[in-house]
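One file, entry36.csv, is given below (CSV, C-alpha atoms and all ligand atoms).
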```
chain,number,residue,atom,x,y,z
C,1,MET,CA,-56.4,10.9,16.9
C,2,LEU,CA,-54.3,7.8,16.4
C,3,THR,CA,-53.4,7.6,20.1
C,4,ASP,CA,-52.8,9.6,23.2
C,5,TYR,CA,-50.9,6.8,24.9
C,6,ILE,CA,-47.2,6.3,25.2
C,7,ILE,CA,-46.5,3.1,23.3
C,8,PRO,CA,-43.1,1.4,23.6
C,9,HIS,CA,-41.1,0.2,20.6
C,10,THR,CA,-40.5,-3.2,22.0
C,11,GLN,CA,-42.3,-5.7,24.2
C,12,ILE,CA,-42.3,-9.2,25.7
C,13,ALA,CA,-43.7,-11.9,23.4
C,14,ALA,CA,-43.8,-15.7,23.3
C,15,ILE,CA,-42.8,-16.9,19.8
C,16,ILE,CA,-42.5,-20.2,18.1
C,17,GLU,CA,-40.2,-20.3,15.0
C,18,GLU,CA,-41.2,-23.8,13.8
C,19,ALA,CA,-43.9,-26.3,14.5
C,20,GLY,CA,-42.9,-28.4,17.5
C,21,GLY,CA,-39.9,-26.2,18.1
C,22,ASP,CA,-38.9,-24.4,21.2
C,23,LEU,CA,-41.1,-21.6,22.6
C,24,GLN,CA,-39.1,-18.5,23.1
C,25,ILE,CA,-39.9,-15.6,25.4
C,26,ARG,CA,-38.4,-12.5,23.8
C,27,LYS,CA,-38.1,-9.2,25.5
C,28,ASP,CA,-37.4,-7.1,22.5
C,29,HIS,CA,-40.1,-8.0,20.1
C,30,PRO,CA,-41.3,-4.9,18.1
C,31,VAL,CA,-44.6,-3.3,18.7
C,32,LYS,CA,-46.4,-2.0,15.6
C,33,SER,CA,-46.4,1.8,15.8
C,34,PRO,CA,-49.8,3.6,15.6
C,35,GLU,CA,-48.7,5.3,12.3
C,36,GLU,CA,-48.3,1.8,10.7
C,37,LEU,CA,-51.8,0.6,11.6
C,38,ALA,CA,-54.0,0.2,8.5
C,39,PRO,CA,-57.6,1.7,8.5
C,40,GLY,CA,-59.8,-0.6,10.6
C,41,GLU,CA,-56.9,-1.9,12.7
C,42,CYS,CA,-56.4,-1.0,16.3
C,43,LEU,CA,-53.6,-1.7,18.9
C,44,VAL,CA,-54.7,-3.3,22.1
C,45,LYS,CA,-52.5,-3.3,25.2
C,46,LEU,CA,-53.3,-6.6,26.8
C,47,ASP,CA,-54.0,-7.1,30.5
C,48,CYS,CA,-54.0,-10.9,30.1
C,49,SER,CA,-54.7,-13.9,27.8
C,50,GLY,CA,-56.1,-17.3,28.5
C,51,ALA,CA,-54.1,-20.3,27.2
C,52,CYS,CA,-56.3,-22.6,25.2
C,53,HIS,CA,-55.5,-26.2,24.1
C,54,SER,CA,-55.8,-24.9,20.5
C,55,ASP,CA,-52.6,-22.8,21.2
C,56,LEU,CA,-50.9,-26.1,22.1
C,57,HIS,CA,-52.2,-27.7,18.8
C,58,ALA,CA,-50.7,-24.6,17.0
C,59,ALA,CA,-47.4,-24.9,18.8
C,60,ILE,CA,-47.0,-28.6,18.1
C,61,GLY,CA,-48.4,-28.2,14.6
C,62,ASP,CA,-50.7,-31.3,14.7
C,63,TRP,CA,-53.6,-29.9,12.7
C,64,PRO,CA,-54.1,-30.6,9.0
C,65,VAL,CA,-53.8,-26.9,8.2
C,66,PRO,CA,-50.4,-25.5,9.4
C,67,PRO,CA,-50.1,-22.2,11.3
C,68,ARG,CA,-48.2,-19.2,10.0
C,69,LEU,CA,-44.6,-19.2,11.2
C,70,PRO,CA,-42.9,-17.7,13.1
C,71,LEU,CA,-46.0,-17.3,15.3
C,72,ILE,CA,-47.2,-15.6,18.4
C,73,GLY,CA,-50.1,-17.7,19.7
C,74,GLY,CA,-53.0,-16.8,21.9
C,75,HIS,CA,-56.6,-15.9,21.3
C,76,GLU,CA,-58.3,-15.2,24.6
C,77,GLY,CA,-57.0,-11.7,25.2
C,78,VAL,CA,-58.4,-8.7,27.1
C,79,GLY,CA,-57.0,-5.3,27.1
C,80,ILE,CA,-57.3,-1.6,26.3
C,81,VAL,CA,-57.5,0.0,22.9
C,82,VAL,CA,-54.5,2.3,22.8
C,83,ALA,CA,-54.4,3.2,19.1
C,84,ILE,CA,-56.7,3.2,16.1
C,85,GLY,CA,-55.4,3.2,12.5
C,86,LYS,CA,-55.7,6.5,10.6
C,87,ASN,CA,-58.6,6.9,8.2
C,88,THR,CA,-60.7,4.3,10.2
C,89,VAL,CA,-64.3,5.3,9.6
C,90,GLU,CA,-67.1,4.8,12.1
C,91,SER,CA,-65.1,2.7,14.6
C,92,PRO,CA,-67.4,1.0,17.1
C,93,VAL,CA,-64.7,1.3,19.7
C,94,LYS,CA,-62.7,4.3,20.9
C,95,LEU,CA,-59.3,4.8,22.6
C,96,GLY,CA,-59.5,3.6,26.2
C,97,ASP,CA,-62.2,1.0,25.6
C,98,ARG,CA,-61.6,-2.5,27.2
C,99,VAL,CA,-62.1,-5.2,24.6
C,100,GLY,CA,-61.6,-8.9,24.0
C,101,ILE,CA,-59.7,-10.7,21.2
C,102,LYS,CA,-61.2,-13.9,20.0
C,103,TRP,CA,-59.9,-16.8,17.8
C,104,ILE,CA,-61.5,-15.1,14.8
C,105,ALA,CA,-59.6,-11.9,14.6
C,106,ASN,CA,-61.4,-10.5,11.6
C,107,SER,CA,-63.7,-11.6,8.7
C,108,CYS,CA,-65.0,-9.9,5.6
C,109,LEU,CA,-68.6,-9.5,6.9
C,110,ASN,CA,-69.9,-9.5,3.3
C,111,CYS,CA,-69.7,-13.1,2.0
C,112,GLU,CA,-72.5,-15.7,2.2
C,113,GLN,CA,-71.0,-17.3,5.4
C,114,CYS,CA,-70.6,-13.9,7.1
C,115,ARG,CA,-74.1,-12.8,6.1
C,116,LYS,CA,-75.5,-16.0,7.5
C,117,GLY,CA,-73.8,-15.5,10.8
C,118,ARG,CA,-71.0,-18.0,10.2
C,119,GLU,CA,-68.2,-15.5,10.3
C,120,GLN,CA,-65.9,-18.2,11.5
C,121,ASN,CA,-66.3,-20.0,8.1
C,122,CYS,CA,-65.5,-16.9,6.0
C,123,VAL,CA,-62.7,-17.8,3.6
C,124,LYS,CA,-61.1,-14.4,4.5
C,125,ALA,CA,-61.3,-15.0,8.3
C,126,LEU,CA,-58.1,-14.3,10.1
C,127,CYS,CA,-57.3,-16.5,13.1
C,128,SER,CA,-55.7,-14.9,16.1
C,129,GLY,CA,-52.6,-16.9,17.2
C,130,TYR,CA,-52.8,-19.1,14.0
C,131,THR,CA,-52.8,-17.1,10.8
C,132,VAL,CA,-52.0,-13.7,12.5
C,133,ASP,CA,-50.1,-13.0,15.6
C,134,GLY,CA,-52.1,-13.4,18.7
C,135,THR,CA,-52.3,-12.5,22.4
C,136,PHE,CA,-49.2,-14.0,23.9
C,137,GLN,CA,-47.6,-10.6,23.8
C,138,GLU,CA,-48.2,-7.2,25.5
C,139,TYR,CA,-49.5,-5.3,22.5
C,140,VAL,CA,-51.6,-7.0,19.8
C,141,VAL,CA,-52.9,-5.6,16.5
C,142,SER,CA,-56.6,-6.2,16.1
C,143,TYR,CA,-59.7,-5.0,14.2
C,144,VAL,CA,-62.2,-2.4,15.4
C,145,ASN,CA,-65.1,-4.2,13.9
C,146,TYR,CA,-64.2,-7.5,15.4
C,147,VAL,CA,-63.1,-6.9,19.0
C,148,THR,CA,-65.7,-7.7,21.7
C,149,PRO,CA,-66.6,-5.0,24.2
C,150,ILE,CA,-66.0,-6.1,27.8
C,151,PRO,CA,-68.7,-4.9,30.2
C,152,GLU,CA,-67.6,-2.8,33.2
C,153,GLY,CA,-67.5,-4.9,36.4
C,154,LEU,CA,-66.2,-8.1,34.7
C,155,PRO,CA,-62.5,-8.3,35.5
C,156,SER,CA,-60.2,-8.9,32.5
C,157,ASP,CA,-58.9,-12.2,33.8
C,158,ALA,CA,-62.4,-13.4,34.5
C,159,ALA,CA,-63.5,-12.5,31.0
C,160,ALA,CA,-60.5,-13.8,29.0
C,161,SER,CA,-61.4,-17.4,28.6
C,162,ILE,CA,-65.1,-16.7,27.8
C,163,LEU,CA,-63.7,-15.3,24.5
C,164,CYS,CA,-62.8,-18.7,23.1
C,165,ALA,CA,-63.7,-21.5,25.5
C,166,GLY,CA,-66.9,-19.8,26.6
C,167,VAL,CA,-68.1,-18.7,23.2
C,168,THR,CA,-67.4,-22.1,21.7
C,169,VAL,CA,-69.4,-24.2,24.1
C,170,TYR,CA,-72.1,-21.5,24.3
C,171,ARG,CA,-72.7,-21.7,20.6
C,172,ALA,CA,-72.6,-25.5,20.6
C,173,LEU,CA,-75.2,-25.6,23.3
C,174,LYS,CA,-77.3,-23.0,21.6
C,175,ASN,CA,-77.5,-25.2,18.5
C,176,SER,CA,-77.8,-28.5,20.4
C,177,GLN,CA,-81.6,-28.8,20.0
C,178,THR,CA,-81.8,-29.7,23.7
C,179,SER,CA,-84.8,-28.9,25.9
C,180,LEU,CA,-85.2,-28.1,29.6
C,181,GLY,CA,-84.5,-31.3,31.7
C,182,ASP,CA,-82.6,-33.1,28.9
C,183,TRP,CA,-79.5,-35.1,29.7
C,184,ILE,CA,-76.2,-34.0,28.2
C,185,VAL,CA,-72.8,-35.8,28.4
C,186,ILE,CA,-69.7,-33.7,28.5
C,187,PRO,CA,-66.4,-35.5,27.9
C,188,GLY,CA,-63.6,-33.2,28.8
C,189,ALA,CA,-65.7,-31.5,31.5
C,190,GLY,CA,-62.8,-30.6,33.8
C,191,GLY,CA,-60.9,-28.7,31.1
C,192,GLY,CA,-61.1,-25.1,29.8
C,193,LEU,CA,-64.1,-25.6,27.4
C,194,GLY,CA,-65.6,-28.4,29.5
C,195,HIS,CA,-66.0,-26.7,32.8
C,196,LEU,CA,-67.7,-23.7,31.1
C,197,ALA,CA,-69.9,-26.1,29.1
C,198,VAL,CA,-71.1,-27.6,32.4
C,199,GLN,CA,-72.2,-24.1,33.6
C,200,TYR,CA,-73.8,-23.0,30.3
C,201,ALA,CA,-75.6,-26.3,30.1
C,202,ARG,CA,-76.9,-25.9,33.7
C,203,ILE,CA,-78.4,-22.4,32.9
C,204,ARG,CA,-80.0,-23.9,29.8
C,205,GLY,CA,-81.7,-26.3,32.2
C,206,LEU,CA,-79.8,-29.4,31.2
C,207,ARG,CA,-78.8,-32.3,33.4
C,208,VAL,CA,-75.1,-32.9,33.1
C,209,ILE,CA,-73.1,-36.1,33.1
C,210,ALA,CA,-69.4,-35.0,33.3
C,211,ILE,CA,-66.6,-37.2,32.0
C,212,ASP,CA,-62.9,-36.5,32.7
C,213,THR,CA,-60.3,-37.7,35.2
C,214,GLY,CA,-58.9,-37.0,38.6
C,215,SER,CA,-60.3,-35.9,41.9
C,216,GLU,CA,-59.8,-32.1,41.4
C,217,LYS,CA,-61.7,-32.1,38.1
C,218,LYS,CA,-64.4,-34.3,39.7
C,219,ASN,CA,-64.8,-31.9,42.6
C,220,LEU,CA,-65.0,-28.9,40.2
C,221,CYS,CA,-67.6,-30.5,37.9
C,222,LEU,CA,-69.8,-31.6,40.8
C,223,LYS,CA,-69.5,-28.1,42.4
C,224,LEU,CA,-70.5,-26.5,39.1
C,225,GLY,CA,-73.7,-28.6,39.0
C,226,ALA,CA,-72.9,-31.9,37.2
C,227,GLU,CA,-75.3,-34.6,38.5
C,228,LYS,CA,-73.0,-37.5,37.6
C,229,TRP,CA,-69.3,-37.9,37.3
C,230,ILE,CA,-67.5,-40.6,35.2
C,231,ASP,CA,-63.7,-41.0,35.4
C,232,PHE,CA,-62.7,-42.1,31.9
C,233,MET,CA,-59.4,-43.5,33.2
C,234,GLU,CA,-61.1,-45.7,35.9
C,235,ASN,CA,-64.4,-46.6,34.3
C,236,LYS,CA,-64.1,-48.9,31.4
C,237,ASP,CA,-67.8,-49.1,30.4
C,238,ILE,CA,-68.9,-45.5,29.9
C,239,VAL,CA,-71.9,-46.5,27.8
C,240,LYS,CA,-73.3,-48.7,30.6
C,241,GLU,CA,-72.8,-45.9,33.2
C,242,VAL,CA,-74.5,-43.3,31.0
C,243,ARG,CA,-77.5,-45.6,30.3
C,244,GLU,CA,-77.9,-46.4,34.0
C,245,VAL,CA,-78.1,-42.7,35.0
C,246,THR,CA,-80.6,-42.0,32.2
C,247,ASP,CA,-83.1,-44.8,33.0
C,248,GLY,CA,-81.6,-47.1,30.4
C,249,LEU,CA,-82.5,-44.8,27.5
C,250,GLY,CA,-79.2,-42.9,27.0
C,251,ALA,CA,-78.5,-39.2,26.9
C,252,HIS,CA,-80.3,-36.7,24.7
C,253,SER,CA,-77.0,-35.0,23.7
C,254,ALA,CA,-73.2,-35.1,24.0
C,255,LEU,CA,-70.9,-32.1,23.8
C,256,VAL,CA,-67.4,-33.4,23.3
C,257,THR,CA,-64.8,-30.9,24.5
C,258,ALA,CA,-61.9,-33.4,25.0
C,259,SER,CA,-58.8,-32.8,22.9
C,260,SER,CA,-58.4,-36.5,22.3
C,261,SER,CA,-60.3,-38.8,19.9
C,262,GLN,CA,-61.1,-41.1,22.8
C,263,GLY,CA,-63.6,-38.5,24.0
C,264,TYR,CA,-65.6,-39.2,20.9
C,265,GLU,CA,-65.7,-42.9,21.2
C,266,GLN,CA,-68.9,-44.5,22.3
C,267,ALA,CA,-70.9,-41.2,22.0
C,268,ILE,CA,-73.2,-42.6,19.4
C,269,GLU,CA,-73.8,-45.6,21.6
C,270,TYR,CA,-74.7,-43.7,24.7
C,271,LEU,CA,-77.1,-41.3,22.9
C,272,ARG,CA,-80.8,-42.1,22.9
C,273,PRO,CA,-82.8,-42.1,19.6
C,274,GLY,CA,-83.0,-38.6,18.3
C,275,GLY,CA,-79.8,-37.7,20.1
C,276,ILE,CA,-77.3,-35.1,18.9
C,277,LEU,CA,-73.6,-35.2,19.1
C,278,MET,CA,-72.0,-31.7,19.2
C,279,CYS,CA,-68.3,-31.9,18.3
C,280,ASN,CA,-66.0,-29.2,19.8
C,281,GLY,CA,-62.7,-31.0,20.6
C,282,LEU,CA,-60.2,-30.9,17.8
C,283,PRO,CA,-57.8,-33.8,17.8
C,284,GLY,CA,-55.6,-33.3,14.7
C,285,SER,CA,-55.6,-36.5,12.8
C,286,ALA,CA,-58.3,-38.7,14.3
C,287,THR,CA,-61.5,-39.6,12.3
C,288,LEU,CA,-64.9,-39.9,13.8
C,289,SER,CA,-66.0,-43.5,13.5
C,290,ALA,CA,-69.7,-44.2,14.0
C,291,SER,CA,-71.9,-47.1,13.2
C,292,ILE,CA,-73.8,-46.0,10.1
C,293,PHE,CA,-76.5,-48.4,10.9
C,294,PHE,CA,-77.1,-47.1,14.4
C,295,THR,CA,-76.7,-43.5,13.4
C,296,VAL,CA,-79.5,-43.9,10.9
C,297,PHE,CA,-81.6,-46.3,13.0
C,298,LYS,CA,-81.5,-44.1,16.0
C,299,SER,CA,-81.9,-40.8,14.0
C,300,ILE,CA,-78.7,-39.4,15.4
C,301,THR,CA,-77.4,-36.0,14.4
C,302,ILE,CA,-73.6,-35.4,14.3
C,303,CYS,CA,-72.8,-31.7,14.3
C,304,GLY,CA,-69.4,-29.8,14.1
C,305,SER,CA,-69.3,-26.5,15.9
C,306,TYR,CA,-66.5,-24.0,15.5
C,307,VAL,CA,-66.0,-21.1,17.9
C,308,GLY,CA,-68.7,-18.5,17.4
C,309,ASN,CA,-69.6,-15.2,15.7
C,310,ARG,CA,-69.5,-11.7,17.2
C,311,GLN,CA,-73.0,-12.0,18.5
C,312,ASP,CA,-72.3,-15.4,20.2
C,313,ALA,CA,-69.3,-13.6,21.9
C,314,ILE,CA,-71.5,-10.8,23.2
C,315,GLU,CA,-74.1,-13.2,24.5
C,316,ALA,CA,-71.6,-15.5,26.2
C,317,ILE,CA,-69.8,-12.5,27.8
C,318,ASP,CA,-73.1,-11.0,29.0
C,319,ILE,CA,-73.9,-14.2,30.9
C,320,ALA,CA,-70.5,-14.1,32.5
C,321,ALA,CA,-70.8,-10.5,33.4
C,322,ARG,CA,-74.1,-11.2,35.2
C,323,GLY,CA,-72.2,-13.8,37.3
C,324,LEU,CA,-74.1,-16.8,35.9
C,325,VAL,CA,-70.9,-18.5,34.5
C,326,LYS,CA,-67.5,-18.2,36.1
C,327,VAL,CA,-64.1,-19.2,34.6
C,328,HIS,CA,-62.2,-21.3,37.1
C,329,PHE,CA,-58.6,-20.1,36.5
C,330,VAL,CA,-55.2,-19.4,38.0
C,331,ASN,CA,-53.1,-16.4,36.9
C,332,ARG,CA,-49.5,-17.0,35.8
C,333,PRO,CA,-46.9,-14.9,34.0
C,334,LEU,CA,-46.4,-15.2,30.2
C,335,ALA,CA,-43.0,-16.6,30.8
C,336,ASP,CA,-44.7,-19.8,32.2
C,337,LEU,CA,-46.4,-20.6,28.9
C,338,LYS,CA,-44.1,-23.6,28.2
C,339,ASP,CA,-45.0,-25.1,31.6
C,340,VAL,CA,-48.7,-24.4,31.0
C,341,TYR,CA,-48.4,-26.4,27.7
C,342,ASN,CA,-46.8,-29.3,29.7
C,343,GLY,CA,-49.7,-29.2,32.1
C,344,MET,CA,-52.2,-29.5,29.2
C,345,ILE,CA,-50.3,-32.4,27.7
C,346,ASN,CA,-50.3,-34.2,31.1
C,347,GLY,CA,-53.9,-33.2,31.8
C,348,THR,CA,-53.1,-31.5,35.1
C,349,ILE,CA,-54.8,-28.1,34.3
C,350,VAL,CA,-58.2,-27.9,36.0
C,351,GLY,CA,-60.3,-25.3,34.2
C,352,ARG,CA,-57.9,-22.7,32.7
C,353,VAL,CA,-54.6,-20.8,33.1
C,354,VAL,CA,-54.8,-17.1,32.4
C,355,LEU,CA,-51.5,-15.3,31.6
C,356,ASP,CA,-51.2,-12.0,33.4
C,357,MET,CA,-49.1,-9.5,31.4
C,358,SER,CA,-48.3,-7.5,34.5
C,359,LYS,CA,-46.6,-10.5,36.1
C,360,LYS,CA,-43.0,-10.6,35.1
K,1,LIG,P1,-58.1,-28.7,28.0
K,1,LIG,O1,-56.8,-29.4,27.9
K,1,LIG,O2,-58.3,-27.6,28.9
K,1,LIG,O3,-59.3,-29.7,28.4
K,1,LIG,C1,-59.4,-31.0,27.7
K,1,LIG,C2,-60.0,-31.9,28.8
K,1,LIG,O4,-60.3,-33.2,28.1
K,1,LIG,C3,-58.9,-32.3,29.9
K,1,LIG,O5,-59.5,-32.0,31.1
K,1,LIG,C4,-58.7,-33.7,29.7
K,1,LIG,O6,-58.4,-34.4,30.9
K,1,LIG,C5,-60.0,-34.2,29.1
K,1,LIG,N1,-59.9,-35.5,28.3
K,1,LIG,C6,-58.9,-36.0,27.6
K,1,LIG,N2,-59.2,-37.2,27.1
K,1,LIG,C7,-60.5,-37.5,27.5
K,1,LIG,C8,-61.4,-38.5,27.4
K,1,LIG,N3,-61.1,-39.6,26.6
K,1,LIG,N4,-62.6,-38.4,27.9
K,1,LIG,C9,-63.0,-37.4,28.6
K,1,LIG,N5,-62.2,-36.3,28.9
K,1,LIG,C10,-60.9,-36.4,28.3
K,1,LIG,O7,-58.5,-28.2,26.5
K,1,LIG,P2,-59.5,-27.1,26.0
K,1,LIG,O8,-58.8,-25.8,25.9
K,1,LIG,O9,-60.8,-27.2,26.8
K,1,LIG,O10,-59.7,-27.6,24.5
K,1,LIG,C11,-60.3,-28.8,24.2
K,1,LIG,C12,-60.3,-29.1,22.7
K,1,LIG,O11,-61.2,-28.2,22.1
K,1,LIG,C13,-59.0,-28.9,22.0
K,1,LIG,O12,-58.8,-29.9,21.0
K,1,LIG,C14,-59.1,-27.5,21.4
K,1,LIG,O13,-58.3,-27.3,20.3
K,1,LIG,C15,-60.6,-27.6,21.0
K,1,LIG,N6,-61.2,-26.3,20.8
K,1,LIG,C16,-62.2,-26.3,19.8
K,1,LIG,C17,-62.8,-25.1,19.5
K,1,LIG,C18,-63.9,-25.1,18.5
K,1,LIG,O14,-64.1,-24.1,17.9
K,1,LIG,N7,-64.6,-26.2,18.2
K,1,LIG,C19,-62.5,-24.0,20.2
K,1,LIG,C20,-61.6,-24.0,21.2
K,1,LIG,C21,-60.9,-25.2,21.5
K,2,ZN,ZN,-59.3,-21.5,22.0
```
Please express the file's structure as structure tokens.
Amino acid sequence: MLTDYIIPHTQIAAIIEEAGGDLQIRKDHPVKSPEELAPGECLVKLDCSGACHSDLHAAIGDWPVPPRLPLIGGHEGVGIVVAIGKNTVESPVKLGDRVGIKWIANSCLNCEQCRKGREQNCVKALCSGYTVDGTFQEYVVSYVNYVTPIPEGLPSDAAASILCAGVTVYRALKNSQTSLGDWIVIPGAGGGLGHLAVQYARIRGLRVIAIDTGSEKKNLCLKLGAEKWIDFMENKDIVKEVREVTDGLGAHSALVTASSSQGYEQAIEYLRPGGILMCNGLPGSATLSASIFFTVFKSITICGSYVGNRQDAIEAIDIAARGLVKVHFVNRPLADLKDVYNGMINGTIVGRVVLDMSKK
């Protein structure tokens, strides 16, 4: 059966026509009908979607690879499967299942990158809210083999931001070569990725030095278990501060979740020999400048980490479902998206904003 749900022909969607252009909230955007779904596609009626800083990069168009236009952004969606394309074989999900939509909407699953578990680097990967329409709409087309099952008991709005922010920092930490009791510095710790990184780092047994700005973000980071707070706007010598806390030796690792290039500055300097810099934050045009001499001399590893694969998503969600990591968020209507972007630009969003599709 394609569907047993009543699906409207039109819906509310947030659309950008051109990079840097006005964000329009349309009430009459077409919904793809179940008959039009290709095999392997499904239609998901969204409960909500997190708003990630990557959506703002897409809306502004400040990344080297431009998004598809016009574009419906969004890639932290949770909702119900309401239709499945005809001739879909062995679908792992069925009508009525609650699922999550991630940044990677689909990948070929057969190339070398996919086989090695780097589905996000598949040349055929589709990016939700970047190369295909995403979750800033009520009904999104997705792919049965790629959606993430959401465990019962984890509310949709509590799960949404695990699907990008959570997965991304979870994978970066998993590959960070850190051990129990190691120090990790997290620039951007009060933001969407950062506040989840503090929590996943804590359950990995790491000692967290949180860097961000403002008293609200400070309170959140300390409440979530950071041992040391550094305000990057007030403190001019971050290297000295990090060294002081770490007995003069420097931190074992840094996970940069800041959206600005400044978050990367000094990381090589405050890492101890053998340290690892995990790069998550994605400023569009900045370059990473590091002293080659000290990178070699201190045996530093610099490592890019891009979202996660399907398994990372299931693991990150499972940890959240067990209550070990919690997204700090406020619910707002989709119509507020422009204001949410302004909040990101001004740095006033503490944790995440989740757009609730039932709020009009
Ligand atoms: P956010 O706006 O919620 O958080 C960013 C935080 O960085 C803010 O709290 C801000 O105050 C802080 N910050 C800014 N400059 C800083 C500095 N110099 N030092 C310390 N903190 C600083 O953004 P987000 O949604 O968490 O995303 C962060 C970045 O990660 C974005 O560039 C986004 O595109 C990128 N991202 C990357 C991946 C990936 O796969 N690697 C996935 C998702 C998002
Ligand atoms: Zn994201």
message: Can you pull out every residue with an atom within 7 Å of ligand LIG 1 (chain K)? Use all atoms listed in the file and format it as a ChimeraX atom specification.
response: /C:52-54,57,164-165,168,187-194,211-213,232,257-263,279-283,305-307,344,347,349-352
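Note that the spacing between CA of Ile209 in chain C and CA of Ala251 in chain C amounts to 8.8 Å.
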Distance query range 58-64 of chain C at most 6 Å, only C-alpha atoms, self and fewer than 4 positions along chain excluded, as a list of chain:residue names: C:Ala19, C:Gly20, C:Gly284
Close residues, Ala160 in chain C itself excluded, 9 Å, only C-alpha atoms, min 6 positions apart in chain, as a PyMOL selection string: chain C and resi 48-50+75-78+100-101+327+354
Counting all atoms listed in the file, which residues have an atom no more than 9 Å from (-65.3, -43.4, 15.1) in the file's coordinates? Please list them as an mmCIF file with C-alpha atoms, keeping the file's coordinate frame.
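Written out: out_20.cif:
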```
data_model
loop_
_atom_site.group_PDB
_atom_site.id
_atom_site.type_symbol
_atom_site.label_atom_id
_atom_site.label_comp_id
_atom_site.auth_asym_id
_atom_site.auth_seq_id
_atom_site.Cartn_x
_atom_site.Cartn_y
_atom_site.Cartn_z
ATOM 1 C CA SER C 261 -60.300 -38.800 19.900
ATOM 2 C CA TYR C 264 -65.600 -39.200 20.900
ATOM 3 C CA GLU C 265 -65.700 -42.900 21.200
ATOM 4 C CA GLN C 266 -68.900 -44.500 22.300
ATOM 5 C CA ALA C 286 -58.300 -38.700 14.300
ATOM 6 C CA THR C 287 -61.500 -39.600 12.300
ATOM 7 C CA LEU C 288 -64.900 -39.900 13.800
ATOM 8 C CA SER C 289 -66.000 -43.500 13.500
ATOM 9 C CA ALA C 290 -69.700 -44.200 14.000
ATOM 10 C CA SER C 291 -71.900 -47.100 13.200
#
```
message: Would you pick out the contacts of range 111-118 of chain C at 10 Å or less, using only C-alpha atoms, so that residues sharing its chain but fewer than 2 positions from it are not included, and give the list as a ChimeraX atom specification?
response: /C:107-109,120-125,306-312
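Proximity to ligand ZN 2 (chain K) was assessed for C:Lys32, C:Lys102, C:Arg68, C:Arg332 counting all atoms listed in the file; the smallest distance is recorded for C:Lys102.
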- prompt: Skipping near chain neighbours, those fewer than 5 positions away, what residues fall within 12 Å of Ser91 in chain C using all atoms listed in the file, listed as a VMD selection string?
  reply: chain C and resid 39 to 42 81 83 to 86 97 143 to 147
message: Residues near Glu17 in chain C, anyone? I mean within 10 Å using only C-alpha atoms, not counting same-chain ones fewer than 4 positions away, as a PyMOL selection string.
response: chain C and resi 21-24+59+68-72
